[in-house]
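Q: Would you mind keeping the following structure in view while I ask a few things?
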Amino acid sequence: MLLLILTVINQMKTLLSFYLSQLLCFACAAQYPGGISTNLRGWYDASRGVTLSGVSNVSTWDDQSGNLFHGTQTNGSLRPSINSAGFNYNPTITFDGLDNFLNIPDLTTSTVTGLSAFAVAMQTGTGNDTWGSIILGQANGPAWTGGGYGLTASNSGNTSFGFWVRDYSTNVVSKATTLSVPSLMSGIWNGTTTNSVQYFQDASSQGTDAYTPGSVGDNGNSYIGTGYGSGTQYCFYGDIAEIIVYNSGQSVTNASKINSYLGLKYGITLNANYINSGGTVIFSPAGGYTANVIGIGRDDNSLLYQKQSKNYNDSTRIFISALSAANSANTGTLANNQFVVIGANNGRLSGVQTEKPGGIYSRIQREWKVTNTGLTSTFNFSMKLNAIGIPGSVATSDLRLLVDTDGDFSDATAYSTADGLTFSYATSLITVQGISTVMIPSGSTRYMTIGSNNSATPLPVELLNFKAFTCENEVCINWETASERGNDHFNLQRSADGVNWQTLKEIKGKGNSNTTLSYVEIDKKPIEGISYYRLEQVDLDNVKSYSPLAVINYLVKTPEIKIYPNPSDETLILESVINASQLSLKNALGQEIAIESLILPSESSIKLTTENLKEGIYYLQISSSVNKTFEIKKLLVKHN
């Protein structure tokens, strides 16, 4: 009797779940990707309609189009898994590249004369095949001719294709498409015009192919994550966030709406304007602001409700309320058709002293274009300083939000805590909270960056690199600066434990410079084993800041190779007691000048020509093919 009661309860739960899903589907019947409903055939969104078996295995991925073409997997060992971290605070579904896939009933009919497919995905490996199927339909098996379609991502070992219809070898846009970051792939075939098979990545055309007129043909079932109804055929290895399929070719305007919806939701930078479902441009990357486009916004026609966004490397964030682990957990609210979208130029996330208003000592070189569409409340912004731009300490009272109307910050307005802003700094991340419509008005486009009224923040010397490497029985250290402002000198410092530091040498700075400058120093008595090097940069007003650390593992080596004369004028004798197979000559900055392969028998010598080299310090690296060791010899070229 107890077993019967439990069975009835489980059946009631199943029915209740079914009717609730239907009710929710009816409630959202007017909501489609980008607001585009005509010929929508399948819509798979990892944030909705995912049924789990156990803790994380996906047994069903529900179709949100209302057509009930659900993706299912009855075999527990072939199920993909849910990834709650996903892309841009939204979940994804992870496929293992071996045998994970989901089966969908016949998603497209054989007589269809147009098809569009959109997907957001990222590859994390190459799997066991040369290309990975995101979604694919094909009834004729491995021959794959006479009917079908596919949207795939090639790995580094194949340049197969991104999108194809009917015959994968003829009506196809061939493009190597390795998705190392979250990317938006789309294929459009309108079936009526020449070159109508089109493939795009992040809204940028990757090529076209002619197939008109015609039909999709007999395509059978469709599959997510595999190519032919088997978990070992053309598997996708990585994460898929969303897939959308239409039984028609989409117009440029409709495709832009769908791309914008997906781009904003998953923090993907598009090579196009962003528009909402009503056709309003909510961000244009024109003017060079084409990097790291992210945004918050709500578009009920698209079921878009993004309250927090970040670019993939997490160097920039924009959000309302308090930042949460997941977008769905953010407690802030936006009204329909409210958006704030930002895009960056290619400036560095470190300090410069150019193009700044009065009272500001320095500013972050990177600038952001900001478009506010309808937002009347406040939003928040974070940016992470480059390692080369991290100061020793940050006093948040020194920070200012610089806002300008035309991108020339010479006359920008500087906003502080007195204007209602809150600044914070932790783990190289500067956060500005409370950015209001006084600063970025609703219905406007502005430009912003972060400045400081104190020389301590941010680092005034912009380091391009800082390196340490062994050279013979010494350690060579070199660095370059892209610019210097008020730079009095550097202290080259060394530590055995990374805590206690000693100054090896003071190196005079250039004061103020806008050109790339190079520095080279040598530690003639290095610490054996692990040691650390850094630069202490001292301003003219004695403010100090520090470079990233360079770590070296120095081991004293017994010389196996002799070079002479040193200094060298026209010739150099190389005498070896090892079997050397390759010579590599580098200048004082570690830049390679030449490579020469040779076989040098032990206890032999060769003569090299140095007369064509400029005077200066060089490093000759001699590699051994026998014991895989090498030596570095310091060479001074000086012409008489």
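Within each chain, counting starts at residue 1; across the structure tokens, chains are named A, B, ... in the order shown, with ligands numbered 1 upward in that order.
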Could you name the residues that touch A:Thr113 at 6 Å or less, counting only C-alpha atoms, but leaving out those on the same chain fewer than 5 positions away, as JSON, numbers by chain?
A: {"A": [191, 214, 215]}
Q: Check the DSSP output for the backbone and give back, as a PyMOL selection string, the residues of stretch 178-241 of chain A in strand (DSSP E or B).
A: chain A and resi 183-189+197-201+204-209+217+222-224+237-241
Q: Which residue out of A:Ala594, A:Val637, A:Leu583, A:Val394 has the minimum interatomic distance to A:Ser568 when only C-alpha atoms are used?
A: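 Looking only at the distances to A:Ser568, the closest residue turns out to be A:Val637.
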Q: Just to confirm, what's the straight-line distance from atom CA of A:Asn88 to atom CA of A:Glu242 in Å (one decimal)?
A: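 For atom CA of A:Asn88 relative to atom CA of A:Glu242, the distance reads 12.8 Å.
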Q: Give me, please, the distance in Å between atom CA of A:Leu303 and atom CA of A:Leu264, quoted to one decimal.
A: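 Spanning atom CA of A:Leu303 to atom CA of A:Leu264 is a straight-line distance of 12.0 Å.
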Q: Could you tell me which of A:Ile342, A:Ile134, A:Met383, A:Leu549 comes closest to A:Asp497 if we count only C-alpha atoms?
A: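 Comparing A:Ile342, A:Ile134, A:Met383, A:Leu549 against A:Asp497, the winner is A:Leu549.
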Q: Excluding A:Asn487 and its own-chain neighbours fewer than 2 positions away, which residues fall within 7 Å of it when counting only C-alpha atoms? Please give them as a list of chain:residue names.
A: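 My list of contacting residues is A:Val461, A:Glu484, A:Arg485, A:His489, A:Gly509, A:Lys510, A:Gly511, A:Asn512, A:Val538, A:Asp539, A:Leu540.
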Q: Go ahead and compute the interatomic distance for atom CA of A:Gly332 and atom CA of A:Leu304, in Å to one decimal.
A: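 If I compute the distance from atom CA of A:Gly332 to atom CA of A:Leu304, I get 14.4 Å.
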Q: Contacts between stretch 69-82 of chain A and stretch 189-288 of chain A, please, where a residue of stretch 189-288 of chain A counts if it comes within 9 Å (with only C-alpha atoms); show its shortest atom pair and distance in Å to one decimal, rows by chain and ascending number, as a tab-separated table.
A:
```
residue	atom	partner	partner_atom	distance
A:Ser222	CA	A:Gly71	CA	8.9
A:Tyr223	CA	A:Gly71	CA	7.8
A:Ile224	CA	A:Gly71	CA	7.6
A:Gly225	CA	A:Pro80	CA	8.8
A:Gly231	CA	A:Leu78	CA	6.8
```
Q: Near A:Thr373, within 8 Å and counting only C-alpha atoms, which residues show up once chain neighbours fewer than 2 positions away are dropped, as a ChimeraX atom specification?
A: /A:282,337-340,371,375,442-444
Q: Those same residues, written as a compact mmCIF listing (two decimals), in the first residue's frame with all heavy atoms?
A:
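Writing done, so here's result_36.txt:
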```txt
# COMPACT_ATOMS: atom_id res chain seq x y z
N ILE A 282 20.86 50.74 -28.86
CA ILE A 282 21.17 50.97 -27.45
C ILE A 282 22.69 51.07 -27.21
O ILE A 282 23.10 51.43 -26.12
CB ILE A 282 20.56 49.87 -26.56
CG1 ILE A 282 21.04 48.49 -26.98
CG2 ILE A 282 19.03 49.95 -26.59
CD1 ILE A 282 20.55 47.36 -26.10
N ASN A 337 12.84 47.90 -21.10
CA ASN A 337 13.51 48.81 -22.03
C ASN A 337 14.43 49.81 -21.33
O ASN A 337 14.63 50.92 -21.83
CB ASN A 337 12.52 49.54 -22.94
CG ASN A 337 11.95 48.61 -24.01
OD1 ASN A 337 12.67 47.77 -24.54
ND2 ASN A 337 10.66 48.77 -24.30
N GLN A 338 14.99 49.42 -20.22
CA GLN A 338 16.06 50.19 -19.59
C GLN A 338 17.38 49.46 -19.83
O GLN A 338 17.49 48.26 -19.57
CB GLN A 338 15.82 50.35 -18.08
CG GLN A 338 14.69 51.29 -17.73
CD GLN A 338 14.60 51.54 -16.24
OE1 GLN A 338 15.02 50.71 -15.42
NE2 GLN A 338 14.05 52.68 -15.86
N PHE A 339 18.38 50.21 -20.34
CA PHE A 339 19.68 49.62 -20.65
C PHE A 339 20.79 50.60 -20.30
O PHE A 339 20.62 51.81 -20.44
CB PHE A 339 19.82 49.29 -22.15
CG PHE A 339 18.79 48.37 -22.71
CD1 PHE A 339 17.58 48.86 -23.21
CD2 PHE A 339 19.02 47.00 -22.75
CE1 PHE A 339 16.63 48.01 -23.74
CE2 PHE A 339 18.07 46.14 -23.28
CZ PHE A 339 16.87 46.65 -23.78
N VAL A 340 21.93 50.05 -19.87
CA VAL A 340 23.18 50.79 -19.84
C VAL A 340 24.23 49.86 -20.45
O VAL A 340 24.48 48.78 -19.93
CB VAL A 340 23.61 51.21 -18.43
CG1 VAL A 340 24.97 51.92 -18.49
CG2 VAL A 340 22.58 52.13 -17.80
N THR A 371 26.33 54.31 -22.98
CA THR A 371 25.03 54.74 -23.49
C THR A 371 23.94 54.32 -22.51
O THR A 371 23.79 53.13 -22.21
CB THR A 371 24.74 54.16 -24.88
OG1 THR A 371 25.74 54.62 -25.80
CG2 THR A 371 23.37 54.60 -25.39
N LEU A 375 17.43 54.38 -18.32
CA LEU A 375 17.67 54.12 -16.90
C LEU A 375 17.59 55.43 -16.11
O LEU A 375 18.25 56.41 -16.45
CB LEU A 375 19.04 53.48 -16.69
CG LEU A 375 19.36 53.08 -15.24
CD1 LEU A 375 18.53 51.88 -14.83
CD2 LEU A 375 20.84 52.78 -15.06
N SER A 442 19.87 59.82 -18.61
CA SER A 442 19.06 58.89 -19.39
C SER A 442 18.90 59.42 -20.80
O SER A 442 18.68 60.62 -21.02
CB SER A 442 17.69 58.72 -18.73
OG SER A 442 16.86 57.88 -19.51
N GLY A 443 19.04 58.53 -21.79
CA GLY A 443 18.91 58.95 -23.18
C GLY A 443 20.16 59.61 -23.74
O GLY A 443 20.08 60.33 -24.74
N SER A 444 21.32 59.39 -23.12
CA SER A 444 22.55 60.05 -23.56
C SER A 444 23.68 59.05 -23.72
O SER A 444 23.63 57.92 -23.24
CB SER A 444 22.96 61.12 -22.55
OG SER A 444 23.51 60.51 -21.39
```
Q: Using the chain letters and numbers from this document, which residues of stretch 88-294 of chain A does DSSP assign to helix (DSSP H, G or I), as a list in words?
A: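 For stretch 88-294 of chain A, the helix (DSSP H, G or I) set is Gly141, Pro142, Ala143, Val252, Thr253, Asn254, Ala255, Ser256, Lys257, Ile258, Asn259, Ser260, Tyr261, Leu262, Gly263, Leu264, Lys265 and Tyr266 of chain A.
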Q: Name the residues in contact with stretch 402-408 of chain A at a cut-off of 9 Å, using only C-alpha atoms, excluding same-chain residues fewer than 4 positions from it; report them as number ranges by chain.
A: A: 355-357, 363, 367-369, 412-415, 439-440, 445-451
Q: Quick one: write out the picked residues with N, CA and C atoms as a CSV table (one decimal), in the first residue's frame?
A:
```csv
chain,number,residue,atom,x,y,z
A,355,GLU,N,45.9,64.2,-21.3
A,355,GLU,CA,44.5,64.4,-21.6
A,355,GLU,C,43.6,64.3,-20.3
A,356,LYS,N,43.8,65.2,-19.4
A,356,LYS,CA,43.2,65.1,-18.1
A,356,LYS,C,42.7,66.5,-17.7
A,357,PRO,N,41.7,66.6,-16.9
A,357,PRO,CA,41.2,68.0,-16.5
A,357,PRO,C,42.1,68.5,-15.3
A,363,ARG,N,45.2,59.6,-14.8
A,363,ARG,CA,44.0,58.9,-15.0
A,363,ARG,C,44.3,57.5,-15.7
A,367,GLU,N,39.4,54.1,-21.8
A,367,GLU,CA,38.2,54.9,-21.7
A,367,GLU,C,37.0,54.1,-22.1
A,368,TRP,N,35.9,54.4,-21.5
A,368,TRP,CA,34.7,53.6,-21.8
A,368,TRP,C,33.6,54.6,-22.4
A,369,LYS,N,33.0,54.1,-23.5
A,369,LYS,CA,31.8,54.8,-24.0
A,369,LYS,C,30.6,54.2,-23.3
A,412,ALA,N,37.0,67.1,-18.9
A,412,ALA,CA,36.0,66.2,-18.3
A,412,ALA,C,35.6,66.7,-16.9
A,413,THR,N,34.4,66.3,-16.5
A,413,THR,CA,34.0,66.6,-15.1
A,413,THR,C,34.4,65.5,-14.2
A,414,ALA,N,35.0,65.9,-13.0
A,414,ALA,CA,35.5,64.9,-12.0
A,414,ALA,C,34.5,64.8,-10.9
A,415,TYR,N,34.0,63.6,-10.7
A,415,TYR,CA,33.0,63.3,-9.6
A,415,TYR,C,33.6,62.6,-8.5
A,439,MET,N,25.4,62.2,-13.8
A,439,MET,CA,26.6,62.0,-14.5
A,439,MET,C,26.4,61.4,-15.9
A,440,ILE,N,25.6,60.4,-16.0
A,440,ILE,CA,25.3,59.8,-17.3
A,440,ILE,C,23.8,59.9,-17.5
A,445,THR,N,24.7,59.5,-24.4
A,445,THR,CA,26.0,58.8,-24.5
A,445,THR,C,27.1,59.7,-23.9
A,446,ARG,N,27.9,59.1,-23.0
A,446,ARG,CA,29.0,59.8,-22.4
A,446,ARG,C,30.2,58.9,-22.4
A,447,TYR,N,31.3,59.5,-22.0
A,447,TYR,CA,32.6,58.8,-21.9
A,447,TYR,C,33.1,58.9,-20.5
A,448,MET,N,33.7,57.8,-20.0
A,448,MET,CA,34.2,57.8,-18.6
A,448,MET,C,35.5,57.1,-18.4
A,449,THR,N,36.2,57.4,-17.4
A,449,THR,CA,37.4,56.7,-17.0
A,449,THR,C,37.6,57.1,-15.5
A,450,ILE,N,38.6,56.6,-14.9
A,450,ILE,CA,38.9,56.8,-13.5
A,450,ILE,C,40.2,57.6,-13.3
A,451,GLY,N,40.2,58.6,-12.5
A,451,GLY,CA,41.3,59.5,-12.3
A,451,GLY,C,41.7,59.5,-10.8
```
Q: With distances taken over only C-alpha atoms, which of A:Leu68, A:Leu184, A:Leu464, A:Val173 is nearest to A:Met122?
A: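 The closest residue to A:Met122 is A:Leu184.
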Q: Within 8 Å of A:Val245, counting only C-alpha atoms, which residues qualify if same-chain residues fewer than 2 places away don't, as an MDAnalysis selection string?
A: chainID A and resid 40:43 115:118 243 247
Q: Residues near A:Leu429, anyone? I mean within 7 Å using only C-alpha atoms, not counting same-chain ones fewer than 6 positions away, as a ChimeraX atom specification.
A: /A:382-385
Q: With distances taken over only C-alpha atoms, which of A:Ser174, A:Glu480, A:Ser204, A:Thr212 is nearest to A:Thr192?
A: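 Comparing A:Ser174, A:Glu480, A:Ser204, A:Thr212 against A:Thr192, the winner is A:Thr212.
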Q: Which one is closest to A:Arg317: A:Ile430, A:Ile275, A:Leu262, A:Val181? Count only C-alpha atoms.
A: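 Once distances to A:Arg317 are computed over only C-alpha atoms, the minimum belongs to A:Ile430.
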